[in-house]
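These notes concern the structure reproduced below.
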Amino acid sequence: MSVILLCWLPYLWLLYPGVLWYDTGQQLMQWFHLPNVFTDGSYWSDHHPVFDTLVFGLFAELGKMLGSVDIGLFICSAFLSILSAASFATIVLYCSCLGAKWRLSVVQMLFFALFPVIPVFSMSLVKDSVFMPFFIWFAIFCIEIVRSRGACLSKVSMAIFVHCPFLASRIDEKKTGIYIALICCLVLLFMVSRYRLRLVVVFSSRTVNFDIVRSKKLFFPAMNIQEGGKQEMLAIPFQQSALEVKRHEKNMDSHDLKVIYSILGKDVADRYQWWAADNVKGYTWDQSKDPLLGEYARIWAHGAIQYPQTYVEAYLALQEGWLGIPSYVGMGNTDSANLVLTVFFDW
């Protein structure tokens, strides 16, 4: 961990006071009660997870106490660097415990320490970088549970296993951390033998924690927080449906089109942007659309079978930002399939 942090110091210094992403700027505006994209400043929105708004806001307040908000954001960036370096060091040490040779461990450590994308991302002030360390530790827990057939789930490790994904699910950008944790717990039930009851306890705790914290009748009203909306959890399916309409509208069933239009709007094909889902999913959710979601799920599954290439391209296009740095000139006219191929070949 110390070696990794030492190699990251030049990035931390050169990027002072830190890389502030657009979403984080909106969260800080909510913290300081300023009008923003989602609220008038008098309340918070769960469009961006509340936990990170609290984290970034507290560091900003610390900076104000020290004379400048920039100082607080720099301390936050350093804190995220330490947290991320600890999670990457855990990977190296865990692989070593599994029997990895020292040369492989050194290569792992140097990759985490020297590959520029990793430190720049890790110290960026954004919810993704807060989520990442907890997700890494949660993944390691899952691997160890499979390896030990559940024997590693002592009382202490069970408590960590329950609360690590619980905390991560509060931070996840797409609000899907809780579902990843639940799906993993379900899969693990089939991977253990004698200790299934312990996993059932973990699974039940995940569900109860989720219901209590996210309940509209408890936490959010008490803290004057506006619910973010279901569209945040459906960004990828909505994006895939938008590209399907854009390419195959003439061949689609009229009923299927009607349902998609009712949820996403008749101009969804024109609003499709391969690099971001916001233009398709929007920033708010109309609860009158809830009864249509069941039928939409059927239509989405049918579209995935009928046009798998379109669905894959819509997903990969959203991920291109992690694989390359495309030109934004004329990006609205760029075909997502050609872009994805170009990005992968460049990579």
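Please note that chains go A, B, ... in the order of the structure tokens, that every chain numbers its residues from 1, and that ligands are numbered from 1 in the order shown.
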
Fewer than 6 positions away in the same chain doesn't count, so skip those; otherwise give me all residues within 9 Å of Glu244 in chain A, counting only C-alpha atoms, as a PDB file with N, CA and C atoms, in the first residue's frame.
```
ATOM      1  N   MET A 252     -40.602  -3.315 -35.840  1.00  0.00           N
ATOM      2  CA  MET A 252     -41.063  -3.630 -34.489  1.00  0.00           C
ATOM      3  C   MET A 252     -42.578  -3.699 -34.424  1.00  0.00           C
ATOM      4  N   ALA A 269     -35.964   7.931 -30.193  1.00  0.00           N
ATOM      5  CA  ALA A 269     -34.909   7.629 -31.179  1.00  0.00           C
ATOM      6  C   ALA A 269     -34.068   8.873 -31.468  1.00  0.00           C
ATOM      7  N   GLY A 303     -36.699  -8.051 -27.485  1.00  0.00           N
ATOM      8  CA  GLY A 303     -35.775  -7.282 -28.310  1.00  0.00           C
ATOM      9  C   GLY A 303     -34.353  -7.789 -28.191  1.00  0.00           C
ATOM     10  N   TYR A 307     -32.649  -8.708 -31.575  1.00  0.00           N
ATOM     11  CA  TYR A 307     -31.579  -7.811 -32.036  1.00  0.00           C
ATOM     12  C   TYR A 307     -30.413  -7.809 -31.030  1.00  0.00           C
ATOM     13  N   THR A 310     -27.588  -5.129 -31.569  1.00  0.00           N
ATOM     14  CA  THR A 310     -27.974  -3.768 -31.187  1.00  0.00           C
ATOM     15  C   THR A 310     -27.867  -3.567 -29.680  1.00  0.00           C
ATOM     16  N   TYR A 311     -28.325  -4.544 -28.918  1.00  0.00           N
ATOM     17  CA  TYR A 311     -28.283  -4.435 -27.464  1.00  0.00           C
ATOM     18  C   TYR A 311     -26.846  -4.419 -26.957  1.00  0.00           C
ATOM     19  N   ALA A 314     -25.277  -1.006 -27.812  1.00  0.00           N
ATOM     20  CA  ALA A 314     -25.766   0.064 -26.934  1.00  0.00           C
ATOM     21  C   ALA A 314     -25.065   0.011 -25.579  1.00  0.00           C
TER      22      ALA A 314
END
```

Practice task
Calculate how many Å separate CA of Asp290 in chain A from CA of Asp256 in chain A, rounding to one decimal.
Solution key: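 Between CA of Asp290 in chain A and CA of Asp256 in chain A the gap is 16.0 Å.
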
Practice task
Would you mind telling me which residue in A:Ile71, A:Ala276, A:Leu197, A:Leu292 lies nearest to Gln319 in chain A when using only C-alpha atoms?
Solution key: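 Smallest distance to Gln319 in chain A is found for A:Ala276.
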
Problem - Gly282 in chain A surroundings by only C-alpha atoms, 10 Å radius, close-in-sequence under 4 positions cut, as a ChimeraX atom specification - result: /A:229,231-232,235,264,277-278

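Using only C-alpha atoms, the nearest neighbour of Leu188 in chain A within the list A:Phe141, A:Tyr261, A:Phe220, A:Trp102 is A:Phe141.
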
Problem - Pick from A:Phe56, A:Tyr43, A:Met123, A:Met1, whichever lies nearest to Val92 in chain A using only C-alpha atoms - result: A:Met1

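As for CA of Phe112 in chain A and CA of Glu144 in chain A, they are spaced 21.8 Å apart.
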
Problem - Residue with smallest distance to His33 in chain A - pool A:Leu318, A:Arg194, A:Gly57, A:Gln240, counting only C-alpha atoms - result: A:Gly57

Handout entry: Interatomic distance (Å, one decimal) between CA of Val126 in chain A and CA of Thr24 in chain A
Key =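 Taking CA of Val126 in chain A as the start and CA of Thr24 in chain A as the end point, the length is 5.7 Å.
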
Practice task
Please identify all polymer residues within 9 Å of range 51-55 of chain A, counting only C-alpha atoms, omitting same-chain residues fewer than 4 positions from it, and present them as a ChimeraX atom specification.
Solution key: /A:24,27-28,30-31,44,59-60,76,126-127,130,167,170-171

Handout entry: Using only C-alpha atoms: which of A:Cys152, A:Leu125, A:Ala86, A:Val50 has the shortest distance to Gly25 in chain A
Key =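 That would be A:Leu125, the residue with the smallest distance to Gly25 in chain A.
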
Practice task
Tell me, as a list in words, which residues lie within 12 Å of Arg147 in chain A, counting only C-alpha atoms; anything in the same chain fewer than 4 positions away does not count.
Solution key: Leu98, Ile140, Phe141, Cys142, Ile143, Ala151, Cys152, Leu153, Leu188, Met191, Val192 and Ser193 of chain A

For the residues in that selection, give me C-alpha atoms as a compact mmCIF listing (two decimals), in the first residue's frame.
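The resulting file, result_36.txt, is reproduced below:
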```txt
# COMPACT_ATOMS: atom_id res chain seq x y z
CA LEU A 98 -3.54 -18.10 -2.43
CA ILE A 140 -12.81 -10.81 -2.32
CA PHE A 141 -15.26 -11.91 0.37
CA CYS A 142 -17.35 -13.70 -2.25
CA ILE A 143 -14.29 -15.50 -3.62
CA ALA A 151 -16.46 -21.85 6.58
CA CYS A 152 -14.94 -18.34 6.59
CA LEU A 153 -18.26 -16.81 7.65
CA LEU A 188 -23.34 -18.29 -3.10
CA MET A 191 -21.72 -22.80 -3.74
CA VAL A 192 -21.65 -23.69 -0.03
CA SER A 193 -22.76 -26.80 1.78
```
